[in-house]
>>> print(open('entry29.pdb').read())   # PDB, C-alpha atoms
ATOM      1  CA  MET A1381     -14.789  10.094 -11.719
ATOM      2  CA  ARG A1382     -14.014   6.593 -12.953
ATOM      3  CA  PRO A1383     -15.787   3.700 -11.207
ATOM      4  CA  TYR A1384     -12.608   1.947 -10.103
ATOM      5  CA  CYS A1385     -11.550   5.134  -8.333
ATOM      6  CA  LEU A1386     -14.769   5.013  -6.307
ATOM      7  CA  PHE A1387     -13.874   1.452  -5.388
ATOM      8  CA  PHE A1388     -10.396   2.556  -4.289
ATOM      9  CA  LEU A1389     -11.881   5.446  -2.313
ATOM     10  CA  GLY A1390     -13.812   3.111  -0.056
ATOM     11  CA  PHE A1391     -12.185  -0.295  -0.077
ATOM     12  CA  PHE A1392      -8.543   0.375   0.771
ATOM     13  CA  PRO A1393      -9.125   2.765   3.697
ATOM     14  CA  ILE A1394     -11.446   0.209   5.288
ATOM     15  CA  CYS A1395      -8.875  -2.556   4.776
ATOM     16  CA  ALA A1396      -6.136  -0.335   6.179
ATOM     17  CA  LEU A1397      -8.230   0.481   9.264
ATOM     18  CA  VAL A1398      -8.934  -3.187   9.894
ATOM     19  CA  LEU A1399      -5.295  -4.155   9.387
ATOM     20  CA  LEU A1400      -4.075  -1.370  11.633
ATOM     21  CA  GLY A1401      -6.377  -2.576  14.392
ATOM     22  CA  ILE A1402      -8.268   0.661  14.895
ATOM     23  CA  TRP A1403     -11.662  -1.045  14.970
ATOM     24  CA  ASN A1404     -10.697  -4.120  16.949
ATOM     25  CA  PRO A1405      -7.443  -4.158  18.893
ATOM     26  CA  CYS A1406      -6.095  -7.675  19.096
ATOM     27  CA  ARG A1407      -3.796  -9.620  21.337
ATOM     28  CA  ARG A1408      -0.033  -9.276  21.444
ATOM     29  CA  GLN A1409       0.659 -12.744  20.038
ATOM     30  CA  THR A1410      -1.685 -12.113  17.102
ATOM     31  CA  VAL A1411       0.098  -8.862  16.204
ATOM     32  CA  LEU A1412       3.488 -10.547  16.200
ATOM     33  CA  ALA A1413       2.180 -13.565  14.294
ATOM     34  CA  VAL A1414       0.489 -11.501  11.577
ATOM     35  CA  LEU A1415       3.396  -9.151  10.945
ATOM     36  CA  ARG A1416       5.829 -12.072  10.544
ATOM     37  CA  SER A1417       3.456 -14.402   8.692
ATOM     38  CA  ARG A1418       4.391 -15.557   5.178
ATOM     39  CA  VAL A1419       0.679 -15.871   4.363
ATOM     40  CA  CYS A1420       0.059 -12.244   5.283
ATOM     41  CA  ASP A1421       3.196 -11.286   3.340
ATOM     42  CA  GLY A1422       1.792 -12.984   0.266
ATOM     43  CA  LEU A1423      -1.715 -11.570   0.722
ATOM     44  CA  LEU A1424      -0.461  -7.997   0.886
ATOM     45  CA  PHE A1425       2.763  -7.992  -1.116
ATOM     46  CA  PHE A1426       1.761  -9.969  -4.237
ATOM     47  CA  PRO A1427      -1.387  -7.924  -5.015
ATOM     48  CA  ALA A1428       0.628  -4.762  -4.436
ATOM     49  CA  ALA A1429       3.381  -5.968  -6.757
ATOM     50  CA  ALA A1430       0.822  -7.066  -9.369
ATOM     51  CA  LEU A1431      -0.927  -3.678  -9.305
ATOM     52  CA  PHE A1432       2.432  -1.920  -9.573
ATOM     53  CA  LEU A1433       3.465  -4.096 -12.520
ATOM     54  CA  ALA A1434       0.090  -3.419 -14.179
ATOM     55  CA  LYS A1435       0.756   0.285 -13.755
ATOM     56  CA  ILE A1436       4.152  -0.154 -15.439
ATOM     57  CA  ALA A1437       2.528  -2.128 -18.277
ATOM     58  CA  ARG A1438       0.283   0.869 -19.029
ATOM     59  CA  LEU A1439       3.143   3.355 -19.332
ATOM     60  CA  GLY A1440       2.906   5.649 -22.309
ATOM     61  CA  PRO A1441       5.752   6.744 -24.585
ATOM     62  CA  ALA A1442       6.370   9.881 -22.521
ATOM     63  CA  ASP A1443       6.753   7.876 -19.308
ATOM     64  CA  PHE A1444       9.620   5.540 -20.246
ATOM     65  CA  GLY A1445       7.133   3.494 -22.292
ATOM     66  CA  GLU A1446       9.833   2.281 -24.677
ATOM     67  CA  HIS A1447      11.587   0.645 -21.706
ATOM     68  CA  LYS A1448       8.465  -0.937 -20.192
ATOM     69  CA  PHE A1449       9.502  -4.538 -20.938
ATOM     70  CA  PHE A1450      12.837  -4.034 -19.190
ATOM     71  CA  LEU A1451      11.069  -2.363 -16.247
ATOM     72  CA  LEU A1452       8.462  -5.147 -16.052
ATOM     73  CA  GLY A1453      11.156  -7.815 -16.014
ATOM     74  CA  PHE A1454      13.349  -5.986 -13.521
ATOM     75  CA  PHE A1455      10.605  -5.164 -11.017
ATOM     76  CA  GLY A1456       8.942  -8.568 -11.441
ATOM     77  CA  LEU A1457      12.186 -10.380 -10.658
ATOM     78  CA  LEU A1458      12.851  -7.948  -7.823
ATOM     79  CA  ALA A1459       9.429  -8.682  -6.290
ATOM     80  CA  LEU A1460      10.057 -12.435  -6.489
ATOM     81  CA  ALA A1461      13.560 -12.095  -5.036
ATOM     82  CA  VAL A1462      12.325  -9.925  -2.170
ATOM     83  CA  PHE A1463       9.568 -12.399  -1.308
ATOM     84  CA  TRP A1464      11.995 -15.307  -1.510
ATOM     85  CA  LYS A1465      14.848 -13.775   0.532
ATOM     86  CA  ASN A1466      13.420 -10.974   2.701
ATOM     87  CA  PHE A1467      11.320 -12.170   5.626
ATOM     88  CA  GLY A1468      11.084  -8.956   7.631
ATOM     89  CA  PHE A1469       7.903  -6.878   7.562
ATOM     90  CA  LEU A1470       7.064  -7.614   3.935
ATOM     91  CA  ALA A1471       3.345  -7.363   4.777
ATOM     92  CA  VAL A1472       3.869  -3.825   6.079
ATOM     93  CA  ARG A1473       5.727  -2.867   2.919
ATOM     94  CA  GLY A1474       2.976  -4.435   0.809
ATOM     95  CA  LEU A1475       0.442  -2.373   2.756
ATOM     96  CA  ALA A1476       2.555   0.735   2.085
ATOM     97  CA  ILE A1477       2.573  -0.005  -1.662
ATOM     98  CA  LEU A1478      -1.215  -0.467  -1.633
ATOM     99  CA  LEU A1479      -1.610   2.818   0.237
ATOM    100  CA  LEU A1480       0.553   4.607  -2.337
ATOM    101  CA  LEU A1481      -1.478   3.143  -5.197
ATOM    102  CA  TRP A1482      -4.692   4.157  -3.412
ATOM    103  CA  ALA A1483      -3.435   7.719  -2.973
ATOM    104  CA  ASN A1484      -2.455   7.822  -6.655
ATOM    105  CA  ALA A1485      -5.964   6.717  -7.703
ATOM    106  CA  VAL A1486      -7.575   9.325  -5.454
ATOM    107  CA  LEU A1487      -5.326  12.130  -6.669
ATOM    108  CA  GLN A1488      -5.882  11.166 -10.316
ATOM    109  CA  ALA A1489      -9.645  11.158  -9.762
ATOM    110  CA  LEU A1490      -9.575  14.579  -8.109
ATOM    111  CA  LEU A1491      -7.246  16.206 -10.622
ATOM    112  CA  GLY A1492      -8.408  19.752 -11.312
ATOM    113  CA  ASN A1493     -11.123  19.899  -8.615
ATOM    114  CA  PHE A1494     -10.624  22.743  -6.162
ATOM    115  CA  ALA A1495     -13.837  22.647  -4.111
ATOM    116  CA  PRO A1496     -13.283  22.447  -0.327
ATOM    117  CA  PRO A1497     -14.493  18.820   0.095
ATOM    118  CA  TRP A1498     -12.147  17.689  -2.658
ATOM    119  CA  LEU A1499      -9.292  19.615  -1.080
ATOM    120  CA  LEU A1500      -9.882  17.668   2.141
ATOM    121  CA  ALA A1501      -9.776  14.403   0.181
ATOM    122  CA  LYS A1502      -6.524  15.537  -1.446
ATOM    123  CA  ALA A1503      -5.059  16.371   1.962
ATOM    124  CA  VAL A1504      -6.000  12.895   3.237
ATOM    125  CA  ALA A1505      -4.399  11.336   0.146
ATOM    126  CA  HIS A1506      -1.188  13.293   0.682
ATOM    127  CA  GLY A1507      -1.173  12.299   4.355
ATOM    128  CA  THR A1508      -1.534   8.689   3.204
ATOM    129  CA  VAL A1509       1.531   9.133   0.992
ATOM    130  CA  VAL A1510       3.520  10.357   3.991
ATOM    131  CA  LEU A1511       2.269   7.429   6.102
ATOM    132  CA  ALA A1512       3.181   4.953   3.346
ATOM    133  CA  LEU A1513       6.685   6.385   3.039
ATOM    134  CA  VAL A1514       7.168   6.190   6.817
ATOM    135  CA  LEU A1515       5.946   2.563   6.834
ATOM    136  CA  THR A1516       8.276   1.726   3.948
ATOM    137  CA  PHE A1517      11.382   3.079   5.633
ATOM    138  CA  TRP A1518      10.534   2.127   9.226
ATOM    139  CA  PRO A1519       8.130  -0.845   9.138
ATOM    140  CA  TYR A1520       8.827  -1.728  12.773
ATOM    141  CA  LEU A1521       6.972   1.450  13.823
ATOM    142  CA  LEU A1522       3.688  -0.225  12.855
ATOM    143  CA  ARG A1523       4.592  -3.238  14.996
ATOM    144  CA  ASP A1524       5.468  -1.002  17.941
ATOM    145  CA  TRP A1525       2.260   1.008  17.558
ATOM    146  CA  LEU A1526       0.118  -2.129  17.352
ATOM    147  CA  LEU A1527       1.878  -3.673  20.351
ATOM    148  CA  ARG A1528       1.218  -0.538  22.409
ATOM    149  CA  ARG A1529      -2.488  -0.797  21.530
ATOM    150  CA  ALA A1530      -2.730  -4.573  21.957
ATOM    151  CA  LYS A1531      -4.229  -6.213  24.961
ATOM    152  CA  ASP A1532      -2.011  -8.469  27.018
TER     153      ASP A1532
END
>>> encode(input="entry29.pdb", output="structure tokens")
Amino acid sequence: MRPYCLFFLGFFPICALVLLGIWNPCRRQTVLAVLRSRVCDGLLFFPAAALFLAKIARLGPADFGEHKFFLLGFFGLLALAVFWKNFGFLAVRGLAILLLLWANAVLQALLGNFAPPWLLAKAVAHGTVVLALVLTFWPYLLRDWLLRRAKD
């Protein structure tokens, strides 16, 4: 297992748990302020976009590698345009991108391992993919869930 995969195994789930408020439910105003904050958008979306663009930069010839400069330019400009024009739930979408990249790192690290503990880790990674896709398409569900858990 590569060392950065061990980092991804521990760091991103802890960050996701803290951001989702499982350890410390917060107040209603804080939930609304964080989900609509441009600072939180930048803190979650720009690292996610940078990691995604780094993944595109490492594409091989079999994975559209000959088009990587076009893809880098297109997705880089798209990330800037989205941050500039879209103000709704960009932090949630950035979190979803980070969760997808985390699941990819976990699944790449566990490729070919079929022992029961590794199968559980693979199941958690696939569940994370489903959660990330749900958060991407319906980001307001995270707001509603956090508001239900928040204290008045």
>>> atom_distance(input="entry29.pdb", atom1="atom CA of A:Phe1432", atom2="atom CA of A:Leu1457")
13.0 Å
>>> residues_around(input="entry29.pdb", residues="A:Leu1521", least_positions_apart="6", cutoff="12 Å", atoms="all atoms listed in the file", output="VMD selection string")
chain A and resid 1400 1415 1469 1472 to 1473 1511 to 1515 1527 to 1528
>>> closest_residue(input="entry29.pdb", among="A:Ala1495, A:Ala1483, A:Val1509, A:Ala1471", to="A:Pro1427", atoms="all atoms listed in the file")
A:Ala1471
>>> closest_residue(input="entry29.pdb", among="A:Asn1466, A:Thr1410, A:Asn1484, A:Ser1417", to="A:Ala1505", atoms="all atoms listed in the file")
A:Asn1484
>>> resolve_selection(input="entry29.pdb", expression="the PyMOL selection byres ((chain A and resi 1424) around 8)", output="list in words")
Cys1420, Asp1421, Gly1422, Leu1423, Phe1425, Phe1426, Pro1427, Ala1428, Ala1471, Val1472, Gly1474, Leu1475 and Leu1478 of chain A
>>> decode(input="entry29.pdb", residues="stretch 1435-1517 of chain A", atoms="C-alpha atoms", output="mmCIF file, in the first residue's frame")
data_model
loop_
_atom_site.group_PDB
_atom_site.id
_atom_site.type_symbol
_atom_site.label_atom_id
_atom_site.label_comp_id
_atom_site.auth_asym_id
_atom_site.auth_seq_id
_atom_site.Cartn_x
_atom_site.Cartn_y
_atom_site.Cartn_z
ATOM 1 C CA LYS A 1435 -5.214 13.383 -11.651
ATOM 2 C CA ILE A 1436 -5.868 14.535 -15.229
ATOM 3 C CA ALA A 1437 -2.230 15.643 -15.575
ATOM 4 C CA ARG A 1438 -1.106 12.080 -14.783
ATOM 5 C CA LEU A 1439 -3.254 10.454 -17.465
ATOM 6 C CA GLY A 1440 -1.473 7.852 -19.524
ATOM 7 C CA PRO A 1441 -1.757 7.321 -23.282
ATOM 8 C CA ALA A 1442 -4.515 4.735 -22.839
ATOM 9 C CA ASP A 1443 -6.638 7.129 -20.778
ATOM 10 C CA PHE A 1444 -7.036 10.035 -23.218
ATOM 11 C CA GLY A 1445 -3.457 11.069 -22.393
ATOM 12 C CA GLU A 1446 -2.961 12.687 -25.797
ATOM 13 C CA HIS A 1447 -5.823 15.076 -24.971
ATOM 14 C CA LYS A 1448 -4.669 15.908 -21.433
ATOM 15 C CA PHE A 1449 -3.777 19.543 -22.203
ATOM 16 C CA PHE A 1450 -7.234 20.179 -23.646
ATOM 17 C CA LEU A 1451 -8.833 18.443 -20.645
ATOM 18 C CA LEU A 1452 -6.676 20.410 -18.181
ATOM 19 C CA GLY A 1453 -7.618 23.699 -19.816
ATOM 20 C CA PHE A 1454 -11.300 22.844 -20.100
ATOM 21 C CA PHE A 1455 -11.757 21.600 -16.534
ATOM 22 C CA GLY A 1456 -9.537 24.345 -15.095
ATOM 23 C CA LEU A 1457 -11.598 27.055 -16.778
ATOM 24 C CA LEU A 1458 -14.780 25.246 -15.777
ATOM 25 C CA ALA A 1459 -13.685 25.189 -12.117
ATOM 26 C CA LEU A 1460 -12.919 28.921 -12.205
ATOM 27 C CA ALA A 1461 -16.210 29.724 -13.943
ATOM 28 C CA VAL A 1462 -18.203 27.648 -11.459
ATOM 29 C CA PHE A 1463 -16.542 29.356 -8.494
ATOM 30 C CA TRP A 1464 -17.079 32.773 -10.051
ATOM 31 C CA LYS A 1465 -20.739 32.330 -11.082
ATOM 32 C CA ASN A 1466 -22.258 29.518 -8.991
ATOM 33 C CA PHE A 1467 -22.885 30.427 -5.361
ATOM 34 C CA GLY A 1468 -25.106 27.527 -4.326
ATOM 35 C CA PHE A 1469 -23.691 24.665 -2.265
ATOM 36 C CA LEU A 1470 -20.257 24.714 -3.879
ATOM 37 C CA ALA A 1471 -18.723 23.555 -0.576
ATOM 38 C CA VAL A 1472 -20.956 20.473 -0.610
ATOM 39 C CA ARG A 1473 -19.943 19.698 -4.178
ATOM 40 C CA GLY A 1474 -16.283 20.196 -3.263
ATOM 41 C CA LEU A 1475 -16.774 17.760 -0.383
ATOM 42 C CA ALA A 1476 -18.360 15.293 -2.827
ATOM 43 C CA ILE A 1477 -15.349 15.568 -5.161
ATOM 44 C CA LEU A 1478 -12.972 14.976 -2.234
ATOM 45 C CA LEU A 1479 -15.013 11.949 -1.177
ATOM 46 C CA LEU A 1480 -14.846 10.533 -4.709
ATOM 47 C CA LEU A 1481 -11.081 11.041 -4.832
ATOM 48 C CA TRP A 1482 -10.764 9.402 -1.404
ATOM 49 C CA ALA A 1483 -12.792 6.396 -2.550
ATOM 50 C CA ASN A 1484 -10.631 6.136 -5.679
ATOM 51 C CA ALA A 1485 -7.440 6.108 -3.571
ATOM 52 C CA VAL A 1486 -8.857 3.440 -1.263
ATOM 53 C CA LEU A 1487 -10.035 1.237 -4.120
ATOM 54 C CA GLN A 1488 -6.696 1.579 -5.928
ATOM 55 C CA ALA A 1489 -4.850 0.621 -2.743
ATOM 56 C CA LEU A 1490 -7.043 -2.433 -2.194
ATOM 57 C CA LEU A 1491 -6.979 -3.642 -5.788
ATOM 58 C CA GLY A 1492 -6.697 -7.426 -5.845
ATOM 59 C CA ASN A 1493 -7.138 -7.994 -2.083
ATOM 60 C CA PHE A 1494 -10.040 -10.287 -1.261
ATOM 61 C CA ALA A 1495 -9.631 -10.836 2.491
ATOM 62 C CA PRO A 1496 -12.765 -10.052 4.547
ATOM 63 C CA PRO A 1497 -11.396 -6.871 6.222
ATOM 64 C CA TRP A 1498 -10.430 -5.471 2.836
ATOM 65 C CA LEU A 1499 -13.846 -6.343 1.450
ATOM 66 C CA LEU A 1500 -15.405 -4.270 4.240
ATOM 67 C CA ALA A 1501 -13.128 -1.353 3.338
ATOM 68 C CA LYS A 1502 -14.155 -1.735 -0.309
ATOM 69 C CA ALA A 1503 -17.827 -1.732 0.679
ATOM 70 C CA VAL A 1504 -17.303 1.477 2.683
ATOM 71 C CA ALA A 1505 -15.522 3.043 -0.304
ATOM 72 C CA HIS A 1506 -18.374 2.116 -2.635
ATOM 73 C CA GLY A 1507 -20.890 3.498 -0.137
ATOM 74 C CA THR A 1508 -18.850 6.712 -0.118
ATOM 75 C CA VAL A 1509 -19.141 6.868 -3.909
ATOM 76 C CA VAL A 1510 -22.922 6.594 -3.631
ATOM 77 C CA LEU A 1511 -22.988 9.293 -0.928
ATOM 78 C CA ALA A 1512 -20.803 11.585 -3.057
ATOM 79 C CA LEU A 1513 -23.056 11.141 -6.082
ATOM 80 C CA VAL A 1514 -26.144 11.901 -3.976
ATOM 81 C CA LEU A 1515 -24.464 15.031 -2.553
ATOM 82 C CA THR A 1516 -23.466 16.131 -6.053
ATOM 83 C CA PHE A 1517 -26.961 15.886 -7.482
#
